[in-house]
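Shown here: coords-v2.pdb, PDB, C-alpha atoms.
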```pdb
ATOM      1  CA  GLU M  13      22.218 -25.275  20.016  1.00  0.00           C
ATOM      2  CA  SER M  14      21.879 -21.680  21.241  1.00  0.00           C
ATOM      3  CA  ARG M  15      24.497 -19.010  21.805  1.00  0.00           C
ATOM      4  CA  THR M  16      24.349 -15.609  23.480  1.00  0.00           C
ATOM      5  CA  VAL M  17      26.896 -12.792  23.338  1.00  0.00           C
ATOM      6  CA  GLU M  18      26.492 -10.170  26.026  1.00  0.00           C
ATOM      7  CA  ARG M  19      26.347  -6.547  25.067  1.00  0.00           C
ATOM      8  CA  GLY M  20      29.632  -4.766  25.749  1.00  0.00           C
ATOM      9  CA  SER M  21      30.249  -1.188  26.750  1.00  0.00           C
ATOM     10  CA  GLY M  22      30.691   0.103  23.199  1.00  0.00           C
ATOM     11  CA  ASP M  23      27.997   1.995  21.319  1.00  0.00           C
ATOM     12  CA  ALA M  24      28.846   0.521  17.902  1.00  0.00           C
ATOM     13  CA  VAL M  25      29.632  -2.926  16.536  1.00  0.00           C
ATOM     14  CA  THR M  26      30.595  -4.551  13.249  1.00  0.00           C
ATOM     15  CA  VAL M  27      28.895  -7.888  12.594  1.00  0.00           C
ATOM     16  CA  GLU M  28      30.425 -10.298  10.070  1.00  0.00           C
ATOM     17  CA  ILE M  29      28.372 -13.327   9.005  1.00  0.00           C
ATOM     18  CA  GLU M  30      30.017 -16.014   6.865  1.00  0.00           C
ATOM     19  CA  MET M  31      28.076 -19.098   5.760  1.00  0.00           C
ATOM     20  CA  GLY M  32      29.098 -21.456   2.986  1.00  0.00           C
ATOM     21  CA  ALA M  33      25.633 -22.897   2.399  1.00  0.00           C
ATOM     22  CA  GLY M  34      22.393 -23.026   4.330  1.00  0.00           C
ATOM     23  CA  ASP M  35      19.391 -21.006   5.469  1.00  0.00           C
ATOM     24  CA  LEU M  36      20.038 -17.708   7.234  1.00  0.00           C
ATOM     25  CA  GLU M  37      17.620 -15.561   9.243  1.00  0.00           C
ATOM     26  CA  VAL M  38      18.726 -12.281  10.812  1.00  0.00           C
ATOM     27  CA  SER M  39      16.476  -9.930  12.773  1.00  0.00           C
ATOM     28  CA  GLY M  40      16.456  -7.547  15.720  1.00  0.00           C
ATOM     29  CA  GLY M  41      14.876  -7.748  19.151  1.00  0.00           C
ATOM     30  CA  ALA M  42      17.730  -9.287  21.166  1.00  0.00           C
ATOM     31  CA  ALA M  43      18.185  -8.163  24.764  1.00  0.00           C
ATOM     32  CA  GLU M  44      21.908  -8.911  24.499  1.00  0.00           C
ATOM     33  CA  LEU M  45      24.195  -8.161  21.572  1.00  0.00           C
ATOM     34  CA  LEU M  46      23.447 -11.541  19.950  1.00  0.00           C
ATOM     35  CA  GLU M  47      20.948 -14.279  20.658  1.00  0.00           C
ATOM     36  CA  ALA M  48      21.303 -17.153  18.201  1.00  0.00           C
ATOM     37  CA  ASP M  49      19.882 -20.592  17.482  1.00  0.00           C
ATOM     38  CA  PHE M  50      21.887 -22.934  15.279  1.00  0.00           C
ATOM     39  CA  THR M  51      20.601 -26.144  13.693  1.00  0.00           C
ATOM     40  CA  TYR M  52      23.094 -28.425  11.936  1.00  0.00           C
ATOM     41  CA  ASN M  53      23.756 -32.134  11.482  1.00  0.00           C
ATOM     42  CA  VAL M  54      27.428 -32.187  10.459  1.00  0.00           C
ATOM     43  CA  ALA M  55      29.589 -31.840  13.571  1.00  0.00           C
ATOM     44  CA  GLU M  56      32.492 -30.294  11.679  1.00  0.00           C
ATOM     45  CA  PHE M  57      30.206 -27.394  10.711  1.00  0.00           C
ATOM     46  CA  LYS M  58      29.649 -26.290  14.302  1.00  0.00           C
ATOM     47  CA  PRO M  59      29.327 -22.476  13.995  1.00  0.00           C
ATOM     48  CA  GLU M  60      32.120 -20.316  15.365  1.00  0.00           C
ATOM     49  CA  VAL M  61      31.215 -17.153  17.293  1.00  0.00           C
ATOM     50  CA  GLU M  62      33.852 -14.600  18.269  1.00  0.00           C
ATOM     51  CA  TYR M  63      33.457 -11.157  19.814  1.00  0.00           C
ATOM     52  CA  GLN M  64      36.405  -8.858  20.395  1.00  0.00           C
ATOM     53  CA  ASP M  65      37.065  -5.127  20.080  1.00  0.00           C
ATOM     54  CA  ASP M  66      33.478  -4.336  18.976  1.00  0.00           C
ATOM     55  CA  ARG M  67      33.693  -6.929  16.182  1.00  0.00           C
ATOM     56  CA  LEU M  68      31.286  -9.858  16.210  1.00  0.00           C
ATOM     57  CA  VAL M  69      32.090 -12.720  13.823  1.00  0.00           C
ATOM     58  CA  ILE M  70      29.725 -15.633  13.166  1.00  0.00           C
ATOM     59  CA  ARG M  71      31.138 -18.109  10.689  1.00  0.00           C
ATOM     60  CA  GLN M  72      30.772 -21.588   9.296  1.00  0.00           C
ATOM     61  CA  PRO M  73      34.178 -23.276   9.573  1.00  0.00           C
ATOM     62  CA  ALA M  74      35.814 -24.583   6.436  1.00  0.00           C
ATOM     63  CA  TYR M  75      35.147 -28.309   6.135  1.00  0.00           C
ATOM     64  CA  GLN M  76      38.036 -30.256   4.661  1.00  0.00           C
ATOM     65  CA  GLY M  77      36.902 -33.777   5.507  1.00  0.00           C
ATOM     66  CA  ARG M  78      34.518 -34.831   2.734  1.00  0.00           C
ATOM     67  CA  GLY M  79      34.716 -32.261   0.000  1.00  0.00           C
ATOM     68  CA  ALA M  80      31.691 -30.494  -1.431  1.00  0.00           C
ATOM     69  CA  LEU M  81      28.361 -30.345   0.363  1.00  0.00           C
ATOM     70  CA  ARG M  82      26.724 -32.288  -2.434  1.00  0.00           C
ATOM     71  CA  ASP M  83      28.534 -35.366  -1.123  1.00  0.00           C
ATOM     72  CA  ILE M  84      26.785 -35.104   2.253  1.00  0.00           C
ATOM     73  CA  ASP M  85      23.375 -36.778   2.436  1.00  0.00           C
ATOM     74  CA  ASP M  86      20.508 -35.036   4.264  1.00  0.00           C
ATOM     75  CA  TYR M  87      22.553 -31.899   4.873  1.00  0.00           C
ATOM     76  CA  ARG M  88      20.863 -29.392   7.193  1.00  0.00           C
ATOM     77  CA  TYR M  89      22.225 -26.020   8.231  1.00  0.00           C
ATOM     78  CA  GLU M  90      20.064 -23.221   9.634  1.00  0.00           C
ATOM     79  CA  TRP M  91      20.972 -20.066  11.550  1.00  0.00           C
ATOM     80  CA  ASP M  92      18.513 -17.809  13.377  1.00  0.00           C
ATOM     81  CA  LEU M  93      20.372 -14.699  14.556  1.00  0.00           C
ATOM     82  CA  ARG M  94      18.826 -11.899  16.636  1.00  0.00           C
ATOM     83  CA  LEU M  95      20.771  -8.687  17.154  1.00  0.00           C
ATOM     84  CA  ASN M  96      20.355  -5.793  19.563  1.00  0.00           C
ATOM     85  CA  ASP M  97      18.298  -2.896  18.210  1.00  0.00           C
ATOM     86  CA  ASP M  98      20.013  -0.126  20.197  1.00  0.00           C
ATOM     87  CA  VAL M  99      23.672  -0.667  19.297  1.00  0.00           C
ATOM     88  CA  GLN M 100      24.850   1.140  16.166  1.00  0.00           C
ATOM     89  CA  THR M 101      25.553  -1.704  13.742  1.00  0.00           C
ATOM     90  CA  ALA M 102      27.356  -2.343  10.460  1.00  0.00           C
ATOM     91  CA  ILE M 103      26.752  -5.776   8.925  1.00  0.00           C
ATOM     92  CA  ARG M 104      28.730  -7.802   6.373  1.00  0.00           C
ATOM     93  CA  VAL M 105      27.141 -11.006   5.052  1.00  0.00           C
ATOM     94  CA  ARG M 106      28.953 -13.605   2.914  1.00  0.00           C
ATOM     95  CA  LEU M 107      26.795 -16.523   1.787  1.00  0.00           C
ATOM     96  CA  GLY M 108      27.875 -19.122  -0.745  1.00  0.00           C
ATOM     97  CA  ALA M 109      24.475 -20.639  -1.480  1.00  0.00           C
ATOM     98  CA  GLY M 110      21.137 -20.785   0.268  1.00  0.00           C
ATOM     99  CA  LYS M 111      18.171 -18.765   1.390  1.00  0.00           C
ATOM    100  CA  SER M 112      18.455 -15.545   3.397  1.00  0.00           C
ATOM    101  CA  ASP M 113      15.674 -13.752   5.252  1.00  0.00           C
ATOM    102  CA  LEU M 114      17.098 -10.481   6.598  1.00  0.00           C
ATOM    103  CA  ASP M 115      14.580  -8.439   8.610  1.00  0.00           C
ATOM    104  CA  LEU M 116      16.776  -5.536   9.696  1.00  0.00           C
ATOM    105  CA  GLY M 117      14.445  -2.543   9.912  1.00  0.00           C
ATOM    106  CA  SER M 118      14.429  -2.374  13.723  1.00  0.00           C
ATOM    107  CA  LEU M 119      18.233  -2.257  14.028  1.00  0.00           C
ATOM    108  CA  SER M 120      20.337   0.889  14.418  1.00  0.00           C
ATOM    109  CA  LEU M 121      21.859  -0.043  11.083  1.00  0.00           C
ATOM    110  CA  THR M 122      24.336   2.283   9.373  1.00  0.00           C
ATOM    111  CA  ASP M 123      26.047   0.081   6.777  1.00  0.00           C
ATOM    112  CA  LEU M 124      25.048  -3.183   5.086  1.00  0.00           C
ATOM    113  CA  GLU M 125      27.059  -5.305   2.669  1.00  0.00           C
ATOM    114  CA  ILE M 126      25.769  -8.612   1.254  1.00  0.00           C
ATOM    115  CA  GLU M 127      27.498 -10.986  -1.136  1.00  0.00           C
ATOM    116  CA  THR M 128      25.989 -14.314  -2.167  1.00  0.00           C
ATOM    117  CA  GLY M 129      26.885 -16.828  -4.835  1.00  0.00           C
ATOM    118  CA  ALA M 130      23.487 -18.376  -5.452  1.00  0.00           C
ATOM    119  CA  GLY M 131      20.172 -18.362  -3.666  1.00  0.00           C
ATOM    120  CA  GLU M 132      17.223 -16.281  -2.621  1.00  0.00           C
ATOM    121  CA  ILE M 133      17.453 -13.088  -0.551  1.00  0.00           C
ATOM    122  CA  ALA M 134      14.522 -11.352   1.137  1.00  0.00           C
ATOM    123  CA  LEU M 135      15.736  -8.030   2.570  1.00  0.00           C
ATOM    124  CA  ASP M 136      13.417  -5.936   4.735  1.00  0.00           C
ATOM    125  CA  LEU M 137      14.859  -2.516   5.617  1.00  0.00           C
ATOM    126  CA  ARG M 138      11.623  -0.741   6.498  1.00  0.00           C
ATOM    127  CA  GLY M 139      12.462   1.534   9.401  1.00  0.00           C
ATOM    128  CA  ALA M 140      16.247   1.505   8.847  1.00  0.00           C
ATOM    129  CA  SER M 141      16.238   5.288   8.615  1.00  0.00           C
ATOM    130  CA  MET M 142      19.938   5.681   9.554  1.00  0.00           C
ATOM    131  CA  LEU M 143      21.239   3.337   6.862  1.00  0.00           C
ATOM    132  CA  GLY M 144      23.657   5.326   4.723  1.00  0.00           C
ATOM    133  CA  LYS M 145      25.343   2.661   2.594  1.00  0.00           C
ATOM    134  CA  LEU M 146      24.012  -0.525   1.003  1.00  0.00           C
ATOM    135  CA  ASP M 147      26.019  -2.861  -1.222  1.00  0.00           C
ATOM    136  CA  VAL M 148      24.461  -6.099  -2.522  1.00  0.00           C
ATOM    137  CA  LYS M 149      26.017  -8.599  -4.951  1.00  0.00           C
ATOM    138  CA  VAL M 150      24.060 -11.665  -6.062  1.00  0.00           C
ATOM    139  CA  GLY M 151      25.688 -14.156  -8.442  1.00  0.00           C
ATOM    140  CA  ALA M 152      22.568 -16.112  -9.312  1.00  0.00           C
ATOM    141  CA  GLY M 153      19.159 -16.045  -7.709  1.00  0.00           C
ATOM    142  CA  GLN M 154      16.354 -13.786  -6.642  1.00  0.00           C
ATOM    143  CA  LEU M 155      16.608 -10.579  -4.621  1.00  0.00           C
ATOM    144  CA  THR M 156      13.647  -8.789  -3.052  1.00  0.00           C
ATOM    145  CA  ALA M 157      14.438  -5.632  -1.076  1.00  0.00           C
ATOM    146  CA  ASP M 158      12.034  -3.291   0.726  1.00  0.00           C
ATOM    147  CA  LEU M 159      13.502   0.189   1.288  1.00  0.00           C
ATOM    148  CA  THR M 160      10.289   2.027   2.062  1.00  0.00           C
ATOM    149  CA  GLY M 161       9.754   4.272   5.065  1.00  0.00           C
ATOM    150  CA  ALA M 162      11.014   7.615   6.338  1.00  0.00           C
ATOM    151  CA  ARG M 163      14.699   8.481   6.220  1.00  0.00           C
ATOM    152  CA  GLU M 164      17.002  10.519   8.444  1.00  0.00           C
ATOM    153  CA  VAL M 165      20.078  10.371   6.173  1.00  0.00           C
ATOM    154  CA  ASP M 166      20.797   9.949   2.464  1.00  0.00           C
ATOM    155  CA  LEU M 167      21.163   6.346   1.300  1.00  0.00           C
ATOM    156  CA  TYR M 168      23.688   5.352  -1.368  1.00  0.00           C
ATOM    157  CA  ALA M 169      23.127   1.832  -2.687  1.00  0.00           C
ATOM    158  CA  GLU M 170      24.758  -0.402  -5.279  1.00  0.00           C
ATOM    159  CA  ILE M 171      22.934  -3.566  -6.259  1.00  0.00           C
ATOM    160  CA  GLU M 172      24.488  -6.064  -8.637  1.00  0.00           C
ATOM    161  CA  GLY M 173      22.757  -9.183  -9.924  1.00  0.00           C
ATOM    162  CA  GLY M 174      24.068 -11.738 -12.377  1.00  0.00           C
ATOM    163  CA  VAL M 175      21.303 -14.184 -13.259  1.00  0.00           C
ATOM    164  CA  GLY M 176      17.909 -13.801 -11.624  1.00  0.00           C
ATOM    165  CA  GLU M 177      15.125 -11.365 -10.825  1.00  0.00           C
ATOM    166  CA  THR M 178      15.641  -8.202  -8.756  1.00  0.00           C
ATOM    167  CA  THR M 179      12.680  -6.481  -7.107  1.00  0.00           C
ATOM    168  CA  LEU M 180      13.080  -3.174  -5.261  1.00  0.00           C
ATOM    169  CA  ARG M 181      10.203  -1.691  -3.268  1.00  0.00           C
ATOM    170  CA  LEU M 182      10.970   1.998  -2.805  1.00  0.00           C
ATOM    171  CA  PRO M 183       9.318   4.926  -1.014  1.00  0.00           C
ATOM    172  CA  ARG M 184       6.843   7.166  -2.742  1.00  0.00           C
ATOM    173  CA  ASP M 185       7.301  10.258  -0.551  1.00  0.00           C
ATOM    174  CA  VAL M 186      11.118  10.232  -0.298  1.00  0.00           C
ATOM    175  CA  GLY M 187      13.205  11.274  -3.303  1.00  0.00           C
ATOM    176  CA  VAL M 188      14.582   8.275  -5.224  1.00  0.00           C
ATOM    177  CA  ARG M 189      16.838   8.087  -8.251  1.00  0.00           C
ATOM    178  CA  VAL M 190      17.672   4.654  -9.688  1.00  0.00           C
ATOM    179  CA  GLU M 191      20.474   4.424 -12.258  1.00  0.00           C
ATOM    180  CA  VAL M 192      20.185   1.193 -14.242  1.00  0.00           C
ATOM    181  CA  GLU M 193      23.012  -0.603 -16.039  1.00  0.00           C
ATOM    182  CA  ARG M 194      21.578  -3.737 -17.598  1.00  0.00           C
ATOM    183  CA  GLY M 195      22.543  -6.536 -19.934  1.00  0.00           C
ATOM    184  CA  LEU M 196      19.557  -8.550 -21.134  1.00  0.00           C
ATOM    185  CA  ALA M 197      17.378  -7.608 -18.184  1.00  0.00           C
ATOM    186  CA  PRO M 198      13.927  -6.117 -18.880  1.00  0.00           C
ATOM    187  CA  ILE M 199      12.819  -3.272 -16.591  1.00  0.00           C
ATOM    188  CA  ASN M 200       9.355  -2.977 -15.088  1.00  0.00           C
ATOM    189  CA  ALA M 201       8.882   0.505 -13.642  1.00  0.00           C
ATOM    190  CA  ASP M 202       5.203   1.470 -13.583  1.00  0.00           C
ATOM    191  CA  GLY M 203       4.675   4.873 -11.970  1.00  0.00           C
ATOM    192  CA  TRP M 204       8.276   6.004 -12.458  1.00  0.00           C
ATOM    193  CA  THR M 205       9.618   8.760 -14.723  1.00  0.00           C
ATOM    194  CA  ARG M 206      12.432   7.964 -17.140  1.00  0.00           C
ATOM    195  CA  ASP M 207      15.417  10.345 -17.041  1.00  0.00           C
ATOM    196  CA  GLY M 208      18.065   9.008 -19.432  1.00  0.00           C
ATOM    197  CA  ASP M 209      19.244   5.714 -17.974  1.00  0.00           C
ATOM    198  CA  ALA M 210      17.663   6.582 -14.638  1.00  0.00           C
ATOM    199  CA  TYR M 211      14.206   6.247 -13.127  1.00  0.00           C
ATOM    200  CA  VAL M 212      12.938   8.837 -10.640  1.00  0.00           C
ATOM    201  CA  ASN M 213       9.845   9.146  -8.492  1.00  0.00           C
ATOM    202  CA  ASP M 214       7.743  12.279  -8.079  1.00  0.00           C
ATOM    203  CA  ALA M 215       9.525  13.278  -4.849  1.00  0.00           C
ATOM    204  CA  GLU M 216      12.986  13.279  -6.447  1.00  0.00           C
ATOM    205  CA  GLY M 217      14.617  16.697  -6.462  1.00  0.00           C
ATOM    206  CA  GLY M 218      12.832  17.903  -3.343  1.00  0.00           C
ATOM    207  CA  SER M 219      14.261  18.711   0.055  1.00  0.00           C
ATOM    208  CA  GLY M 220      15.183  16.123   2.651  1.00  0.00           C
ATOM    209  CA  PRO M 221      17.134  12.849   2.515  1.00  0.00           C
ATOM    210  CA  THR M 222      17.220  10.955  -0.770  1.00  0.00           C
ATOM    211  CA  LEU M 223      17.977   7.474  -2.087  1.00  0.00           C
ATOM    212  CA  ARG M 224      20.599   7.151  -4.812  1.00  0.00           C
ATOM    213  CA  ILE M 225      20.629   3.610  -6.176  1.00  0.00           C
ATOM    214  CA  THR M 226      22.695   1.993  -8.927  1.00  0.00           C
ATOM    215  CA  VAL M 227      21.426  -1.340 -10.253  1.00  0.00           C
ATOM    216  CA  ARG M 228      23.571  -3.587 -12.451  1.00  0.00           C
ATOM    217  CA  ALA M 229      21.907  -6.689 -13.844  1.00  0.00           C
ATOM    218  CA  GLY M 230      22.863  -9.305 -16.394  1.00  0.00           C
ATOM    219  CA  VAL M 231      19.950 -11.651 -17.055  1.00  0.00           C
ATOM    220  CA  GLY M 232      16.612 -11.401 -15.244  1.00  0.00           C
ATOM    221  CA  ALA M 233      13.933  -8.768 -14.763  1.00  0.00           C
ATOM    222  CA  ILE M 234      14.396  -5.592 -12.716  1.00  0.00           C
ATOM    223  CA  ASN M 235      11.180  -4.582 -10.954  1.00  0.00           C
ATOM    224  CA  LEU M 236      10.867  -1.113  -9.434  1.00  0.00           C
ATOM    225  CA  GLU M 237       7.838  -0.789  -7.179  1.00  0.00           C
ATOM    226  CA  LEU M 238       6.481   2.254  -5.359  1.00  0.00           C
ATOM    227  CA  GLY M 239       5.445   1.704  -1.751  1.00  0.00           C
ATOM    228  CA  GLU M 240       4.648   4.141   1.017  1.00  0.00           C
TER     229      GLU M 240
END
```

In structure tokens, write the structure found in this file.
Amino acid sequence: ESRTVERGSGDAVTVEIEMGAGDLEVSGGAAELLEADFTYNVAEFKPEVEYQDDRLVIRQPAYQGRGALRDIDDYRYEWDLRLNDDVQTAIRVRLGAGKSDLDLGSLSLTDLEIETGAGEIALDLRGASMLGKLDVKVGAGQLTADLTGAREVDLYAEIEGGVGETTLRLPRDVGVRVEVERGLAPINADGWTRDGDAYVNDAEGGSGPTLRITVRAGVGAINLELGE
């Protein structure tokens, strides 16, 4: 089924996305505030959409009927969410388990918080030049994040991974400093300069906006890549 939420009169919105398990896609390009397609085959998991006082909530209802999802045969749950590019947006994502493809570079994104228990996250923030705060927590699984592109403001990011590989693609021509706190995680950082427990690119220390990133990892490689 499809749902649309009309754009209100406000210039800013907070979007909260809560999914217990499933596949999540979020992107820009919507003419209204939200244009969404939902695919699911358990009626009790019909998504709930609420919009009030510049707060948009999209959630999977708690299902008390049959217990854990592993007891449901042929479970299917997929969300495709498109948001408006022009409205200033802060996003909070809570995902228990599943795959997330978040293509958010076209949004007027100021704040992004992601928390997932287990799964795979592909995060594309190319073009999100107004993003000032990023907070990502992954319990188990793989995270790939692209933060390349020009910036208009400083970005402060905290990325925490438990078990699994973390890959960050970072700009070459914008100053970047990555502080790494690791357990058993190896670090692959070709082209970066080591500064104590930090890794910096050649543009770090110059004028203009900068990226300040803290990475905490338990088990799994940390890959720092230089893009454009």

Determine the residue set returned by the PyMOL selection byres ((chain M and resi 151-160) around 9) for the present structure, and present it as a PDB file with C-alpha atoms, in the coordinates of the input.
```pdb
ATOM      1  CA  GLU M 127      27.498 -10.986  -1.136  1.00  0.00           C
ATOM      2  CA  THR M 128      25.989 -14.314  -2.167  1.00  0.00           C
ATOM      3  CA  GLY M 129      26.885 -16.828  -4.835  1.00  0.00           C
ATOM      4  CA  ALA M 130      23.487 -18.376  -5.452  1.00  0.00           C
ATOM      5  CA  GLY M 131      20.172 -18.362  -3.666  1.00  0.00           C
ATOM      6  CA  GLU M 132      17.223 -16.281  -2.621  1.00  0.00           C
ATOM      7  CA  ILE M 133      17.453 -13.088  -0.551  1.00  0.00           C
ATOM      8  CA  ALA M 134      14.522 -11.352   1.137  1.00  0.00           C
ATOM      9  CA  LEU M 135      15.736  -8.030   2.570  1.00  0.00           C
ATOM     10  CA  ASP M 136      13.417  -5.936   4.735  1.00  0.00           C
ATOM     11  CA  LEU M 137      14.859  -2.516   5.617  1.00  0.00           C
ATOM     12  CA  ARG M 138      11.623  -0.741   6.498  1.00  0.00           C
ATOM     13  CA  GLY M 139      12.462   1.534   9.401  1.00  0.00           C
ATOM     14  CA  ALA M 140      16.247   1.505   8.847  1.00  0.00           C
ATOM     15  CA  LYS M 149      26.017  -8.599  -4.951  1.00  0.00           C
ATOM     16  CA  VAL M 150      24.060 -11.665  -6.062  1.00  0.00           C
ATOM     17  CA  GLY M 161       9.754   4.272   5.065  1.00  0.00           C
ATOM     18  CA  ALA M 162      11.014   7.615   6.338  1.00  0.00           C
ATOM     19  CA  ARG M 163      14.699   8.481   6.220  1.00  0.00           C
ATOM     20  CA  GLU M 172      24.488  -6.064  -8.637  1.00  0.00           C
ATOM     21  CA  GLY M 173      22.757  -9.183  -9.924  1.00  0.00           C
ATOM     22  CA  GLY M 174      24.068 -11.738 -12.377  1.00  0.00           C
ATOM     23  CA  VAL M 175      21.303 -14.184 -13.259  1.00  0.00           C
ATOM     24  CA  GLY M 176      17.909 -13.801 -11.624  1.00  0.00           C
ATOM     25  CA  GLU M 177      15.125 -11.365 -10.825  1.00  0.00           C
ATOM     26  CA  THR M 178      15.641  -8.202  -8.756  1.00  0.00           C
ATOM     27  CA  THR M 179      12.680  -6.481  -7.107  1.00  0.00           C
ATOM     28  CA  LEU M 180      13.080  -3.174  -5.261  1.00  0.00           C
ATOM     29  CA  ARG M 181      10.203  -1.691  -3.268  1.00  0.00           C
ATOM     30  CA  LEU M 182      10.970   1.998  -2.805  1.00  0.00           C
ATOM     31  CA  PRO M 183       9.318   4.926  -1.014  1.00  0.00           C
ATOM     32  CA  ARG M 184       6.843   7.166  -2.742  1.00  0.00           C
ATOM     33  CA  VAL M 186      11.118  10.232  -0.298  1.00  0.00           C
ATOM     34  CA  GLY M 232      16.612 -11.401 -15.244  1.00  0.00           C
ATOM     35  CA  LEU M 238       6.481   2.254  -5.359  1.00  0.00           C
ATOM     36  CA  GLY M 239       5.445   1.704  -1.751  1.00  0.00           C
ATOM     37  CA  GLU M 240       4.648   4.141   1.017  1.00  0.00           C
TER      38      GLU M 240
END
```

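Residues selected in this file by the PyMOL selection byres ((chain M and resi 191) around 7) comprise M:Arg189, M:Val190, M:Val192, M:Glu193, M:Asp209, M:Ala210, M:Tyr211, M:Ile225, M:Thr226, M:Val227.
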
Practice item. Find the residues around segment 215-219 of chain M up to 8 Å (all atoms listed in the file counted), leave out those fewer than 2 positions away in its own chain, and share them as a list of chain:residue names. Key: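 Counting all atoms listed in the file, the residues come to M:Arg184, M:Asp185, M:Val186, M:Gly187, M:Val188, M:Arg189, M:Val212, M:Asn213, M:Pro221, M:Thr222.
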
Can you translate the PyMOL selection byres ((chain M and resi 106) around 12) into the concrete residues it hits in this file, as a tab-separated table (two decimals) with C-alpha atoms, in the coordinates of the input?
```tsv
chain	number	residue	atom	x	y	z
M	27	VAL	CA	28.90	-7.89	12.59
M	28	GLU	CA	30.42	-10.30	10.07
M	29	ILE	CA	28.37	-13.33	9.01
M	30	GLU	CA	30.02	-16.01	6.86
M	31	MET	CA	28.08	-19.10	5.76
M	32	GLY	CA	29.10	-21.46	2.99
M	33	ALA	CA	25.63	-22.90	2.40
M	34	GLY	CA	22.39	-23.03	4.33
M	36	LEU	CA	20.04	-17.71	7.23
M	69	VAL	CA	32.09	-12.72	13.82
M	70	ILE	CA	29.72	-15.63	13.17
M	71	ARG	CA	31.14	-18.11	10.69
M	72	GLN	CA	30.77	-21.59	9.30
M	103	ILE	CA	26.75	-5.78	8.93
M	104	ARG	CA	28.73	-7.80	6.37
M	105	VAL	CA	27.14	-11.01	5.05
M	107	LEU	CA	26.80	-16.52	1.79
M	108	GLY	CA	27.88	-19.12	-0.74
M	109	ALA	CA	24.48	-20.64	-1.48
M	110	GLY	CA	21.14	-20.78	0.27
M	112	SER	CA	18.45	-15.54	3.40
M	124	LEU	CA	25.05	-3.18	5.09
M	125	GLU	CA	27.06	-5.30	2.67
M	126	ILE	CA	25.77	-8.61	1.25
M	127	GLU	CA	27.50	-10.99	-1.14
M	128	THR	CA	25.99	-14.31	-2.17
M	129	GLY	CA	26.88	-16.83	-4.84
M	130	ALA	CA	23.49	-18.38	-5.45
M	131	GLY	CA	20.17	-18.36	-3.67
M	147	ASP	CA	26.02	-2.86	-1.22
M	148	VAL	CA	24.46	-6.10	-2.52
M	149	LYS	CA	26.02	-8.60	-4.95
M	150	VAL	CA	24.06	-11.66	-6.06
M	151	GLY	CA	25.69	-14.16	-8.44
```

Check your understanding: Smallest atom-to-atom distance to Leu95 of chain M: which of M:Leu114, M:Ala48, M:Leu143, M:Ala42, using all atoms listed in the file?
Key -> M:Ala42

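Interatomic distance, atom CA of Asp214 of chain M to atom CA of Val165 of chain M: 18.9 Å.
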
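Atom to atom, atom CA of Val61 of chain M and atom CA of Ser141 of chain M stand 28.3 Å apart.
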
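Proximity of M:Ala201, M:Leu68, M:Gly220, M:Leu116 to Leu236 of chain M, computed with all atoms listed in the file, is greatest for M:Ala201.
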